[in-house]
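Trainee: Take a look at my_file24.txt, compact mmCIF, C-alpha atoms and all ligand atoms:
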```
# COMPACT_ATOMS: atom_id res chain seq x y z
CA MET T 1 112.55 9.46 -11.41
CA VAL T 2 110.04 7.10 -9.82
CA SER T 3 109.36 3.94 -11.80
CA LYS T 4 106.19 3.86 -13.87
CA ARG T 5 105.32 0.72 -11.98
CA LEU T 6 105.13 2.52 -8.65
CA ARG T 7 104.05 5.98 -9.74
CA ASP T 8 100.33 5.34 -9.92
CA VAL T 9 100.13 3.07 -6.89
CA PRO T 10 99.07 4.99 -3.78
CA ALA T 11 100.59 4.29 -0.37
CA SER T 12 98.52 1.88 1.72
CA GLY T 13 95.45 3.72 3.04
CA THR T 14 95.28 1.55 6.17
CA VAL T 15 98.93 1.97 7.09
CA ALA T 16 98.95 5.71 6.23
CA LEU T 17 95.97 6.30 8.51
CA SER T 18 97.54 4.35 11.33
CA ASN T 19 100.76 6.38 10.93
CA LEU T 20 98.71 9.57 11.15
CA VAL T 21 96.93 8.39 14.31
CA SER T 22 100.28 7.54 15.95
CA LEU T 23 101.58 10.99 15.06
CA LEU T 24 98.49 12.79 16.41
CA ASN T 25 98.54 10.76 19.63
CA SER T 26 102.24 11.48 20.11
CA GLN T 27 101.35 15.17 19.86
CA GLY T 28 98.91 14.80 22.73
CA ALA T 29 95.61 14.28 20.85
CA ASP T 30 93.16 11.72 22.19
CA ILE T 31 92.15 9.81 19.08
CA VAL T 32 89.93 6.77 19.38
CA SER T 33 91.41 4.57 16.71
CA PHE T 34 89.23 2.11 14.87
CA SER T 35 91.68 2.25 11.99
CA MET T 36 94.28 -0.49 12.02
CA GLY T 37 93.29 -4.13 11.81
CA GLU T 38 95.34 -5.07 14.79
CA PRO T 39 94.35 -6.83 18.03
CA ASP T 40 95.01 -4.75 21.15
CA PHE T 41 95.92 -7.87 23.16
CA THR T 42 99.49 -8.74 24.08
CA THR T 43 101.06 -11.77 22.39
CA PRO T 44 100.53 -14.82 24.66
CA LYS T 45 103.23 -15.16 27.32
CA ASN T 46 104.29 -18.69 26.31
CA VAL T 47 105.10 -17.33 22.82
CA ILE T 48 107.09 -14.38 24.15
CA ASP T 49 108.99 -16.70 26.52
CA ALA T 50 109.89 -18.99 23.63
CA CYS T 51 111.26 -16.00 21.71
CA VAL T 52 113.32 -14.84 24.68
CA ARG T 53 114.71 -18.36 25.05
CA SER T 54 115.76 -18.41 21.41
CA LEU T 55 117.46 -15.03 21.76
CA ASP T 56 119.21 -16.14 24.94
CA SER T 57 120.45 -19.25 23.22
CA GLY T 58 122.00 -17.15 20.45
CA PHE T 59 119.56 -18.11 17.71
CA THR T 60 120.22 -14.83 15.94
CA HIS T 61 121.54 -15.72 12.51
CA TYR T 62 120.05 -16.44 9.10
CA THR T 63 117.73 -19.40 8.82
CA PRO T 64 117.04 -21.35 5.62
CA SER T 65 115.16 -18.99 3.29
CA THR T 66 112.06 -21.15 3.47
CA GLY T 67 112.04 -21.07 7.29
CA ILE T 68 113.23 -23.42 10.04
CA PRO T 69 112.15 -27.03 9.42
CA GLU T 70 110.27 -27.28 12.77
CA LEU T 71 108.07 -24.33 11.86
CA ARG T 72 107.40 -25.52 8.32
CA LYS T 73 106.42 -28.86 9.82
CA ALA T 74 104.17 -27.23 12.44
CA VAL T 75 102.40 -25.12 9.79
CA ALA T 76 101.91 -28.14 7.53
CA ALA T 77 100.51 -30.21 10.41
CA LYS T 78 98.13 -27.40 11.36
CA ALA T 79 97.01 -26.96 7.73
CA PHE T 80 96.36 -30.69 7.54
CA SER T 81 94.50 -31.08 10.83
CA GLU T 82 92.55 -27.79 10.85
CA ASN T 83 92.12 -26.99 7.18
CA ASN T 84 92.24 -30.43 5.63
CA ILE T 85 94.97 -29.28 3.24
CA HIS T 86 97.06 -32.31 2.38
CA CYS T 87 100.58 -30.96 2.58
CA THR T 88 103.97 -31.48 4.17
CA ALA T 89 106.73 -29.16 5.36
CA ARG T 90 108.03 -28.95 1.79
CA ASN T 91 104.81 -27.19 0.79
CA VAL T 92 105.36 -24.35 3.28
CA LEU T 93 107.30 -21.12 2.94
CA ILE T 94 107.70 -19.03 6.10
CA THR T 95 107.32 -15.35 5.24
CA PRO T 96 105.24 -12.36 6.40
CA CYS T 97 101.72 -12.70 5.07
CA LYS T 98 101.84 -9.41 3.14
CA HIS T 99 105.18 -10.36 1.61
CA ALA T 100 103.66 -13.68 0.54
CA ILE T 101 100.92 -11.76 -1.27
CA PHE T 102 103.43 -9.44 -2.91
CA MET T 103 105.71 -12.30 -3.99
CA THR T 104 102.79 -14.38 -5.28
CA ALA T 105 101.70 -11.49 -7.49
CA LEU T 106 105.23 -10.99 -8.81
CA ALA T 107 105.76 -14.70 -9.32
CA TYR T 108 102.60 -15.43 -11.29
CA LEU T 109 101.44 -12.25 -13.01
CA ASP T 110 102.71 -10.76 -16.24
CA PRO T 111 101.85 -7.36 -17.71
CA GLY T 112 98.40 -7.53 -19.24
CA ASP T 113 97.15 -10.38 -17.07
CA GLU T 114 93.87 -9.85 -15.27
CA VAL T 115 93.10 -10.74 -11.68
CA ILE T 116 89.60 -11.10 -10.31
CA LEU T 117 88.85 -9.87 -6.82
CA SER T 118 85.88 -8.80 -4.74
CA ASP T 119 84.91 -5.18 -4.59
CA PRO T 120 85.46 -4.08 -1.84
CA SER T 121 88.72 -5.85 -1.00
CA TRP T 122 91.70 -5.21 1.25
CA VAL T 123 93.82 -2.33 -0.07
CA SER T 124 97.10 -4.04 -0.88
CA TYR T 125 95.79 -6.65 -3.34
CA GLU T 126 95.23 -4.02 -6.00
CA ALA T 127 98.65 -2.49 -5.31
CA CYS T 128 100.42 -5.86 -5.63
CA ILE T 129 98.55 -6.67 -8.84
CA ARG T 130 99.51 -3.30 -10.34
CA LEU T 131 103.13 -3.57 -9.21
CA ALA T 132 103.30 -6.82 -11.14
CA GLY T 133 102.01 -4.95 -14.21
CA ALA T 134 98.69 -6.78 -14.19
CA LYS T 135 95.15 -5.42 -14.04
CA PRO T 136 92.69 -5.76 -11.14
CA VAL T 137 89.19 -6.69 -12.24
CA TYR T 138 86.76 -5.90 -9.45
CA VAL T 139 83.64 -8.00 -9.16
CA PRO T 140 80.99 -6.05 -7.23
CA THR T 141 79.56 -7.44 -4.01
CA TYR T 142 76.59 -5.86 -2.27
CA TYR T 143 75.59 -4.81 1.22
CA ASP T 144 72.20 -6.53 0.79
CA GLU T 145 74.00 -9.78 -0.06
CA ALA T 146 76.35 -9.55 2.96
CA PHE T 147 79.15 -8.75 0.49
CA VAL T 148 79.30 -12.37 -0.64
CA LEU T 149 81.07 -12.86 -3.97
CA ASP T 150 78.62 -14.25 -6.50
CA PRO T 151 80.21 -16.98 -8.68
CA ARG T 152 77.94 -15.98 -11.59
CA ARG T 153 79.46 -12.52 -11.58
CA VAL T 154 82.94 -14.07 -11.34
CA ARG T 155 82.18 -16.08 -14.45
CA GLU T 156 81.02 -12.99 -16.31
CA ALA T 157 84.23 -11.14 -15.40
CA ILE T 158 86.54 -13.81 -16.84
CA THR T 159 88.29 -13.04 -20.12
CA PRO T 160 91.07 -14.87 -21.99
CA LYS T 161 93.50 -12.68 -20.02
CA THR T 162 92.28 -13.77 -16.58
CA LYS T 163 95.08 -15.48 -14.71
CA MET T 164 94.15 -15.43 -11.05
CA ILE T 165 91.31 -15.10 -8.55
CA ILE T 166 91.94 -13.66 -5.10
CA LEU T 167 89.80 -14.89 -2.22
CA ASN T 168 89.80 -13.50 1.29
CA SER T 169 87.39 -15.14 3.71
CA PRO T 170 86.71 -13.93 6.39
CA SER T 171 87.03 -10.65 4.57
CA ASN T 172 88.86 -7.48 5.29
CA PRO T 173 87.10 -4.96 5.16
CA THR T 174 83.57 -6.39 5.42
CA GLY T 175 83.99 -9.24 7.93
CA GLY T 176 81.96 -11.37 5.48
CA VAL T 177 82.52 -15.13 5.34
CA LEU T 178 82.08 -16.97 2.05
CA PRO T 179 79.53 -19.79 2.23
CA GLU T 180 80.86 -23.27 1.48
CA GLN T 181 78.78 -23.49 -1.70
CA THR T 182 80.30 -20.26 -3.05
CA ILE T 183 83.82 -21.54 -2.44
CA ARG T 184 82.96 -24.81 -4.16
CA GLU T 185 81.56 -23.00 -7.19
CA ILE T 186 84.60 -20.74 -7.43
CA ALA T 187 86.81 -23.83 -7.27
CA GLU T 188 84.93 -25.30 -10.23
CA ILE T 189 85.40 -22.08 -12.21
CA ALA T 190 89.13 -22.01 -11.40
CA LYS T 191 89.54 -25.58 -12.62
CA GLU T 192 87.46 -25.08 -15.75
CA ARG T 193 89.33 -21.91 -16.72
CA ASN T 194 92.74 -23.04 -15.50
CA LEU T 195 93.17 -20.17 -13.04
CA THR T 196 95.47 -19.79 -10.05
CA VAL T 197 93.78 -18.95 -6.76
CA MET T 198 95.46 -16.84 -4.13
CA SER T 199 93.52 -17.47 -0.95
CA ASP T 200 94.32 -15.07 1.88
CA GLU T 201 93.09 -16.81 5.02
CA ILE T 202 94.68 -14.60 7.65
CA TYR T 203 91.35 -14.32 9.58
CA GLU T 204 90.68 -18.08 9.40
CA SER T 205 90.43 -18.48 13.19
CA ILE T 206 88.28 -15.43 13.82
CA ILE T 207 84.89 -16.78 12.79
CA TYR T 208 81.72 -16.38 14.85
CA GLU T 209 79.23 -18.31 12.75
CA GLY T 210 79.93 -21.21 10.45
CA LYS T 211 83.24 -22.88 9.78
CA HIS T 212 86.26 -21.87 7.77
CA LEU T 213 86.81 -23.73 4.50
CA SER T 214 90.14 -23.60 2.69
CA ILE T 215 89.66 -23.77 -1.06
CA ALA T 216 92.92 -25.75 -1.32
CA SER T 217 91.23 -28.62 0.54
CA LEU T 218 88.74 -29.18 -2.30
CA PRO T 219 89.41 -31.84 -4.94
CA GLY T 220 91.85 -30.71 -7.62
CA MET T 221 92.49 -27.34 -5.95
CA PHE T 222 95.73 -27.81 -4.02
CA GLU T 223 97.70 -27.83 -7.25
CA ARG T 224 96.42 -24.41 -8.31
CA THR T 225 96.14 -22.59 -4.98
CA ILE T 226 98.54 -20.47 -2.96
CA THR T 227 97.10 -20.39 0.56
CA ILE T 228 98.38 -17.54 2.66
CA SER T 229 97.95 -17.11 6.40
CA GLY T 230 99.90 -16.25 9.51
CA LEU T 231 100.01 -15.50 13.19
CA SER T 232 99.35 -11.73 13.26
CA LYS T 233 95.62 -11.64 13.87
CA THR T 234 95.02 -14.97 15.60
CA TYR T 235 97.76 -14.67 18.21
CA ALA T 236 98.01 -10.86 18.43
CA MET T 237 101.43 -11.00 16.75
CA THR T 238 101.17 -8.22 14.15
CA GLY T 239 104.58 -6.77 14.96
CA TRP T 240 106.33 -10.12 14.57
CA ARG T 241 105.70 -10.14 10.82
CA LEU T 242 105.36 -13.88 10.64
CA GLY T 243 103.18 -15.88 8.31
CA TRP T 244 103.37 -18.40 5.51
CA ALA T 245 102.38 -19.54 2.06
CA ILE T 246 101.27 -23.11 1.38
CA ALA T 247 101.45 -24.40 -2.17
CA PRO T 248 102.76 -27.26 -4.35
CA GLU T 249 106.48 -27.79 -3.86
CA GLU T 250 107.40 -26.31 -7.25
CA ASP T 251 105.47 -23.13 -6.44
CA ILE T 252 107.15 -22.84 -3.05
CA LYS T 253 110.51 -23.06 -4.83
CA THR T 254 109.38 -20.38 -7.29
CA ILE T 255 108.18 -17.98 -4.61
CA ASP T 256 111.25 -18.72 -2.50
CA LYS T 257 113.39 -17.42 -5.35
CA LEU T 258 111.88 -14.00 -4.66
CA GLN T 259 112.33 -14.47 -0.93
CA THR T 260 116.05 -15.19 -1.43
CA HIS T 261 116.39 -11.98 -3.46
CA SER T 262 114.40 -9.82 -1.08
CA ILE T 263 114.37 -10.56 2.67
CA SER T 264 116.56 -13.75 2.53
CA CYS T 265 114.55 -15.26 5.37
CA CYS T 266 112.24 -14.25 8.21
CA VAL T 267 113.68 -13.06 11.52
CA SER T 268 115.33 -16.11 13.07
CA PHE T 269 114.50 -15.88 16.79
CA THR T 270 110.78 -15.41 16.19
CA GLN T 271 110.46 -18.71 14.37
CA PRO T 272 110.81 -21.07 17.38
CA ALA T 273 108.23 -18.85 19.11
CA ALA T 274 105.90 -19.36 16.15
CA VAL T 275 106.23 -23.13 16.68
CA GLU T 276 105.17 -22.54 20.29
CA ALA T 277 102.20 -20.41 19.13
CA ILE T 278 100.99 -23.20 16.85
CA ASN T 279 101.80 -26.25 18.98
CA GLY T 280 101.45 -24.79 22.50
CA PRO T 281 98.28 -24.16 24.54
CA GLN T 282 95.50 -22.47 22.54
CA GLY T 283 93.50 -21.05 25.47
CA GLU T 284 94.42 -17.41 24.88
CA LYS T 285 93.61 -17.60 21.20
CA GLU T 286 90.16 -18.91 22.06
CA SER T 287 89.51 -16.25 24.66
CA MET T 288 90.62 -13.50 22.25
CA VAL T 289 88.11 -14.75 19.68
CA SER T 290 85.29 -14.78 22.23
CA GLU T 291 86.27 -11.27 23.31
CA PHE T 292 86.12 -10.13 19.67
CA ARG T 293 82.64 -11.59 19.39
CA LYS T 294 81.50 -9.61 22.46
CA ARG T 295 82.99 -6.44 21.01
CA ARG T 296 81.33 -7.06 17.67
CA ASP T 297 77.96 -7.40 19.36
CA LEU T 298 78.56 -4.32 21.46
CA ALA T 299 79.64 -2.28 18.43
CA LEU T 300 76.60 -3.44 16.43
CA ASP T 301 74.26 -2.45 19.28
CA LEU T 302 75.86 0.97 19.43
CA ILE T 303 75.62 1.45 15.66
CA GLY T 304 71.95 0.54 15.88
CA GLU T 305 71.45 3.59 18.11
CA ILE T 306 72.95 6.03 15.61
CA ASP T 307 70.69 7.70 13.06
CA GLY T 308 72.12 7.57 9.55
CA LEU T 309 74.22 4.42 9.99
CA GLU T 310 73.36 0.84 9.21
CA CYS T 311 75.46 -2.29 9.22
CA ASN T 312 74.98 -5.97 8.53
CA VAL T 313 76.22 -8.61 10.96
CA PRO T 314 79.71 -9.73 9.96
CA LYS T 315 80.44 -13.39 10.61
CA GLY T 316 84.19 -13.09 11.00
CA ALA T 317 87.38 -11.00 11.30
CA PHE T 318 87.14 -7.88 13.49
CA TYR T 319 85.70 -5.35 11.10
CA LEU T 320 82.35 -3.65 10.65
CA PHE T 321 81.61 -2.02 7.32
CA PRO T 322 78.73 0.38 8.00
CA LYS T 323 76.84 2.35 5.40
CA TYR T 324 76.20 6.04 6.09
CA ASN T 325 73.39 8.04 4.56
CA ARG T 326 75.13 11.35 3.97
CA ASP T 327 75.88 12.68 0.50
CA VAL T 328 79.62 13.01 0.91
CA LYS T 329 82.57 10.92 -0.31
CA SER T 330 83.86 8.44 2.25
CA GLU T 331 87.29 10.02 2.25
CA VAL T 332 85.87 13.41 3.20
CA PHE T 333 83.46 11.84 5.68
CA CYS T 334 86.28 10.00 7.47
CA ARG T 335 88.61 12.98 7.42
CA LYS T 336 85.92 15.11 9.03
CA MET T 337 85.25 12.41 11.60
CA LEU T 338 88.93 12.41 12.51
CA GLU T 339 89.17 16.21 12.65
CA ASP T 340 85.86 16.92 14.40
CA ALA T 341 85.25 13.82 16.52
CA HIS T 342 88.79 12.51 16.94
CA VAL T 343 87.75 9.05 15.80
CA ALA T 344 89.86 7.30 13.15
CA VAL T 345 88.09 4.98 10.72
CA THR T 346 89.10 3.92 7.21
CA PRO T 347 87.17 5.28 4.19
CA GLY T 348 85.36 2.57 2.28
CA SER T 349 86.72 3.89 -1.01
CA ALA T 350 90.22 2.78 0.07
CA PHE T 351 88.98 -0.78 -0.54
CA GLY T 352 87.77 -0.30 -4.10
CA PRO T 353 85.01 1.61 -5.89
CA GLY T 354 82.31 -0.50 -4.22
CA GLY T 355 83.41 0.76 -0.82
CA GLU T 356 82.16 4.29 -1.53
CA GLY T 357 79.42 5.25 0.93
CA PHE T 358 80.84 2.98 3.62
CA PHE T 359 83.61 3.12 6.19
CA ARG T 360 85.56 0.44 8.02
CA ILE T 361 85.65 0.09 11.77
CA SER T 362 88.24 -2.20 13.31
CA TYR T 363 86.78 -3.15 16.68
CA ALA T 364 89.92 -4.94 17.88
CA THR T 365 90.13 -2.44 20.67
CA GLY T 366 88.97 -2.35 24.33
CA GLU T 367 85.28 -2.08 25.31
CA GLU T 368 85.64 1.32 26.97
CA ARG T 369 87.27 2.78 23.86
CA ILE T 370 84.54 1.27 21.69
CA LYS T 371 81.89 2.96 23.84
CA GLU T 372 83.75 6.26 23.83
CA GLY T 373 84.32 6.08 20.05
CA PHE T 374 80.67 5.39 19.27
CA GLU T 375 79.53 8.18 21.57
CA ARG T 376 81.72 10.54 19.55
CA ILE T 377 80.47 9.12 16.24
CA LYS T 378 76.87 9.62 17.39
CA HIS T 379 77.58 13.25 18.18
CA PHE T 380 79.40 13.67 14.84
CA MET T 381 76.48 12.19 12.89
CA GLY T 382 74.16 14.64 14.61
CA LYS T 383 76.20 17.51 13.20
CA ILE T 384 77.33 16.46 9.72
N1 LIG T 401 95.68 -5.66 7.43
C1 LIG T 401 95.51 -4.66 8.43
C2 LIG T 401 94.45 -3.64 8.04
O1 LIG T 401 93.83 -3.79 7.03
C3 LIG T 401 96.82 -3.99 8.74
C4 LIG T 401 97.23 -2.92 7.79
C5 LIG T 401 97.51 -3.46 6.46
O2 LIG T 401 98.29 -4.37 6.37
O3 LIG T 401 96.87 -3.00 5.53
O4 LIG T 401 94.24 -2.71 8.77
```
Could I get this file's structure written as structure tokens?
Mentor:
Amino acid sequence: MVSKRLRDVPASGTVALSNLVSLLNSQGADIVSFSMGEPDFTTPKNVIDACVRSLDSGFTHYTPSTGIPELRKAVAAKAFSENNIHCTARNVLITPCKHAIFMTALAYLDPGDEVILSDPSWVSYEACIRLAGAKPVYVPTYYDEAFVLDPRRVREAITPKTKMIILNSPSNPTGGVLPEQTIREIAEIAKERNLTVMSDEIYESIIYEGKHLSIASLPGMFERTITISGLSKTYAMTGWRLGWAIAPEEDIKTIDKLQTHSISCCVSFTQPAAVEAINGPQGEKESMVSEFRKRRDLALDLIGEIDGLECNVPKGAFYLFPKYNRDVKSEVFCRKMLEDAHVAVTPGSAFGPGGEGFFRISYATGEERIKEGFERIKHFMGKI
């Protein structure tokens, strides 16, 4: 008998779709996949070489559960210099980003607690909240407001049961970036109402306009914030499953308890390579970001040519979240697009009720495939 906890939580829509695309492609279909949020680039060579060196040297055993000291130190130094988060290695736990989110939910939420998050939001926040027995409270964001979370609406959503706010800027699925003033106002609310903030900053380096601001860098916020980030998106290292949580030392110890009872530690031989990713040359990271910007602009131009679609200009990440003007649920719309046009996109409804009427395009794929995919979408829109 499946636990009550898990029974009503669906499998991840993003991962399920990507599994389906892999299956169809392995059967000989030619699917243009705009589904998974995953860069198509190869991990930089200096990082791969560092991993091979660590394997060759026999670095293949358990590491401390919190991660190797050199990597914790490198992450802390990066958080200090780039994000102005005043922390040391003791404030860092090395763990896959998604596992950090899962553990944070389990560590801080009790049944009945409420968690505020943007609608739409990335699929797994709601699942983690529910698995911890707590309740997601979606605060609507709007296309006409570039999906920016409005602090006034956050305030209205708070009840005596509210325990946590989740932030994700740049955002998956909208690519929206929270303005500095919004982050400051949310910080004030969190302090006033004594709330924990879980800030998922995995797209922190993929910003085209403006600058990333970590809420933990604001006065009085470090002590109540779990900042989560990692290497997957910035260094094209999705398969390495390597990220981190940054928090006060006591919180790191708390979350590490769950790490010791679940994965014990991250893979050992990838960790020296992560130090190389952070401390080594950053040229490839920068050229990947400028390539993403070109692809975003290309994809937006192509959307502009399709009747029935409109999209605002996302300032970060590698997602577009277009609106379609057909009277059909996004799940049906996307399934038909996959069946008829062989293009995989994620239904907006996977990201919360506010995603209905939209779909997500991950444009972290080559220019030729983007052109081919949009040609097919144009044809599809002409028929549906
Ligand atoms: N975060 C990526 C996405 O949204 C990878 C899949 C997942 O973790 O949900 O597509």
Trainee: Give me the residues near Asn312 of chain T as a list of chain:residue names, where near means some atom within 9 Å (using all atoms listed in the file) and where sequence neighbours in that chain fewer than 3 positions away do not count.
Mentor: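 With the cut-off at 9 Å, the set is T:Tyr143, T:Asp144, T:Ala146, T:Leu300, T:Leu320, T:Phe321, T:Pro322.
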Trainee: Hey, which residues sit close to ligand LIG 401 (chain T)? Say within 7 Å, counting only C-alpha atoms and all ligand atoms, and write them as a PyMOL selection string.
Mentor: chain T and resi 12+14-15+35-38+98+122-124+172
Trainee: Which value, in Å to one decimal, gives the distance between atom CA of Phe269 of chain T and atom CA of Val75 of chain T?
Mentor: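 According to the coordinates, atom CA of Phe269 of chain T and atom CA of Val75 of chain T are separated by 16.8 Å.
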Trainee: Suppose you want the space between atom CA of Thr254 of chain T and atom CA of Gly239 of chain T; what is it in Å?
Mentor: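 One can read the atom CA of Thr254 of chain T to atom CA of Gly239 of chain T distance as 26.5 Å.
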Trainee: Could you tell me which of T:Pro170, T:Pro69, T:Gly316, T:Gly373 comes closest to Leu302 of chain T if we count only C-alpha atoms?
Mentor: T:Gly373
Trainee: Quick one, how far is atom CA of Lys135 of chain T from atom CA of Ile189 of chain T?
Mentor: 19.4 Å
Trainee: Name the residues in contact with Ala89 of chain T at a cut-off of 9 Å, using only C-alpha atoms, excluding same-chain residues fewer than 5 positions from it; report them as a list of chain:residue names.
Mentor: T:Pro69, T:Glu70, T:Leu71, T:Arg72, T:Lys73, T:Ala74, T:Val75, T:Ala76, T:Ala77
Trainee: What would segment 314-339 of chain T look like with N, CA and C atoms in place, written as a PDB file, keeping the file's coordinate frame?
Mentor:
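part09.pdb was written with the following content:
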```
ATOM      1  N   PRO T 314      78.602  -8.979  10.551  1.00  0.00           N
ATOM      2  CA  PRO T 314      79.710  -9.730   9.960  1.00  0.00           C
ATOM      3  C   PRO T 314      79.950 -11.033  10.717  1.00  0.00           C
ATOM      4  N   LYS T 315      80.284 -12.069   9.977  1.00  0.00           N
ATOM      5  CA  LYS T 315      80.440 -13.390  10.610  1.00  0.00           C
ATOM      6  C   LYS T 315      81.873 -13.676  11.023  1.00  0.00           C
ATOM      7  N   GLY T 316      82.801 -12.808  10.660  1.00  0.00           N
ATOM      8  CA  GLY T 316      84.190 -13.090  11.000  1.00  0.00           C
ATOM      9  C   GLY T 316      85.054 -11.850  11.001  1.00  0.00           C
ATOM     10  N   ALA T 317      86.360 -12.062  11.187  1.00  0.00           N
ATOM     11  CA  ALA T 317      87.380 -11.000  11.300  1.00  0.00           C
ATOM     12  C   ALA T 317      86.992 -10.029  12.425  1.00  0.00           C
ATOM     13  N   PHE T 318      87.557  -8.832  12.451  1.00  0.00           N
ATOM     14  CA  PHE T 318      87.140  -7.880  13.490  1.00  0.00           C
ATOM     15  C   PHE T 318      86.828  -6.518  12.887  1.00  0.00           C
ATOM     16  N   TYR T 319      86.075  -6.585  11.780  1.00  0.00           N
ATOM     17  CA  TYR T 319      85.700  -5.350  11.100  1.00  0.00           C
ATOM     18  C   TYR T 319      84.182  -5.230  10.971  1.00  0.00           C
ATOM     19  N   LEU T 320      83.716  -3.973  11.057  1.00  0.00           N
ATOM     20  CA  LEU T 320      82.350  -3.650  10.650  1.00  0.00           C
ATOM     21  C   LEU T 320      82.499  -2.745   9.433  1.00  0.00           C
ATOM     22  N   PHE T 321      81.543  -2.841   8.539  1.00  0.00           N
ATOM     23  CA  PHE T 321      81.610  -2.020   7.320  1.00  0.00           C
ATOM     24  C   PHE T 321      80.285  -1.287   7.166  1.00  0.00           C
ATOM     25  N   PRO T 322      80.029  -0.283   8.029  1.00  0.00           N
ATOM     26  CA  PRO T 322      78.730   0.380   8.000  1.00  0.00           C
ATOM     27  C   PRO T 322      78.541   1.304   6.806  1.00  0.00           C
ATOM     28  N   LYS T 323      77.255   1.463   6.485  1.00  0.00           N
ATOM     29  CA  LYS T 323      76.840   2.350   5.400  1.00  0.00           C
ATOM     30  C   LYS T 323      76.358   3.628   6.063  1.00  0.00           C
ATOM     31  N   TYR T 324      76.705   4.782   5.511  1.00  0.00           N
ATOM     32  CA  TYR T 324      76.200   6.040   6.090  1.00  0.00           C
ATOM     33  C   TYR T 324      75.323   6.733   5.054  1.00  0.00           C
ATOM     34  N   ASN T 325      74.297   7.427   5.531  1.00  0.00           N
ATOM     35  CA  ASN T 325      73.390   8.040   4.560  1.00  0.00           C
ATOM     36  C   ASN T 325      73.611   9.552   4.446  1.00  0.00           C
ATOM     37  N   ARG T 326      74.837   9.943   4.209  1.00  0.00           N
ATOM     38  CA  ARG T 326      75.130  11.350   3.970  1.00  0.00           C
ATOM     39  C   ARG T 326      75.741  11.452   2.571  1.00  0.00           C
ATOM     40  N   ASP T 327      75.431  12.552   1.881  1.00  0.00           N
ATOM     41  CA  ASP T 327      75.880  12.680   0.500  1.00  0.00           C
ATOM     42  C   ASP T 327      77.287  13.284   0.459  1.00  0.00           C
ATOM     43  N   VAL T 328      78.248  12.517   0.884  1.00  0.00           N
ATOM     44  CA  VAL T 328      79.620  13.010   0.910  1.00  0.00           C
ATOM     45  C   VAL T 328      80.540  11.798   0.693  1.00  0.00           C
ATOM     46  N   LYS T 329      81.643  12.023  -0.008  1.00  0.00           N
ATOM     47  CA  LYS T 329      82.570  10.920  -0.310  1.00  0.00           C
ATOM     48  C   LYS T 329      83.142  10.360   0.997  1.00  0.00           C
ATOM     49  N   SER T 330      83.419   9.068   1.001  1.00  0.00           N
ATOM     50  CA  SER T 330      83.860   8.440   2.250  1.00  0.00           C
ATOM     51  C   SER T 330      85.185   9.019   2.753  1.00  0.00           C
ATOM     52  N   GLU T 331      86.019   9.448   1.814  1.00  0.00           N
ATOM     53  CA  GLU T 331      87.290  10.020   2.250  1.00  0.00           C
ATOM     54  C   GLU T 331      87.081  11.312   3.037  1.00  0.00           C
ATOM     55  N   VAL T 332      86.167  12.137   2.537  1.00  0.00           N
ATOM     56  CA  VAL T 332      85.870  13.410   3.200  1.00  0.00           C
ATOM     57  C   VAL T 332      85.167  13.129   4.531  1.00  0.00           C
ATOM     58  N   PHE T 333      84.221  12.213   4.479  1.00  0.00           N
ATOM     59  CA  PHE T 333      83.460  11.840   5.680  1.00  0.00           C
ATOM     60  C   PHE T 333      84.409  11.392   6.799  1.00  0.00           C
ATOM     61  N   CYS T 334      85.357  10.544   6.444  1.00  0.00           N
ATOM     62  CA  CYS T 334      86.280  10.000   7.470  1.00  0.00           C
ATOM     63  C   CYS T 334      87.277  11.065   7.932  1.00  0.00           C
ATOM     64  N   ARG T 335      87.689  11.918   7.004  1.00  0.00           N
ATOM     65  CA  ARG T 335      88.610  12.980   7.420  1.00  0.00           C
ATOM     66  C   ARG T 335      87.927  13.912   8.409  1.00  0.00           C
ATOM     67  N   LYS T 336      86.676  14.234   8.131  1.00  0.00           N
ATOM     68  CA  LYS T 336      85.920  15.110   9.030  1.00  0.00           C
ATOM     69  C   LYS T 336      85.715  14.429  10.386  1.00  0.00           C
ATOM     70  N   MET T 337      85.459  13.126  10.344  1.00  0.00           N
ATOM     71  CA  MET T 337      85.250  12.410  11.600  1.00  0.00           C
ATOM     72  C   MET T 337      86.531  12.470  12.457  1.00  0.00           C
ATOM     73  N   LEU T 338      87.664  12.347  11.780  1.00  0.00           N
ATOM     74  CA  LEU T 338      88.930  12.410  12.510  1.00  0.00           C
ATOM     75  C   LEU T 338      89.156  13.826  13.071  1.00  0.00           C
ATOM     76  N   GLU T 339      88.908  14.822  12.212  1.00  0.00           N
ATOM     77  CA  GLU T 339      89.170  16.210  12.650  1.00  0.00           C
ATOM     78  C   GLU T 339      88.176  16.662  13.726  1.00  0.00           C
TER      79      GLU T 339
END
```
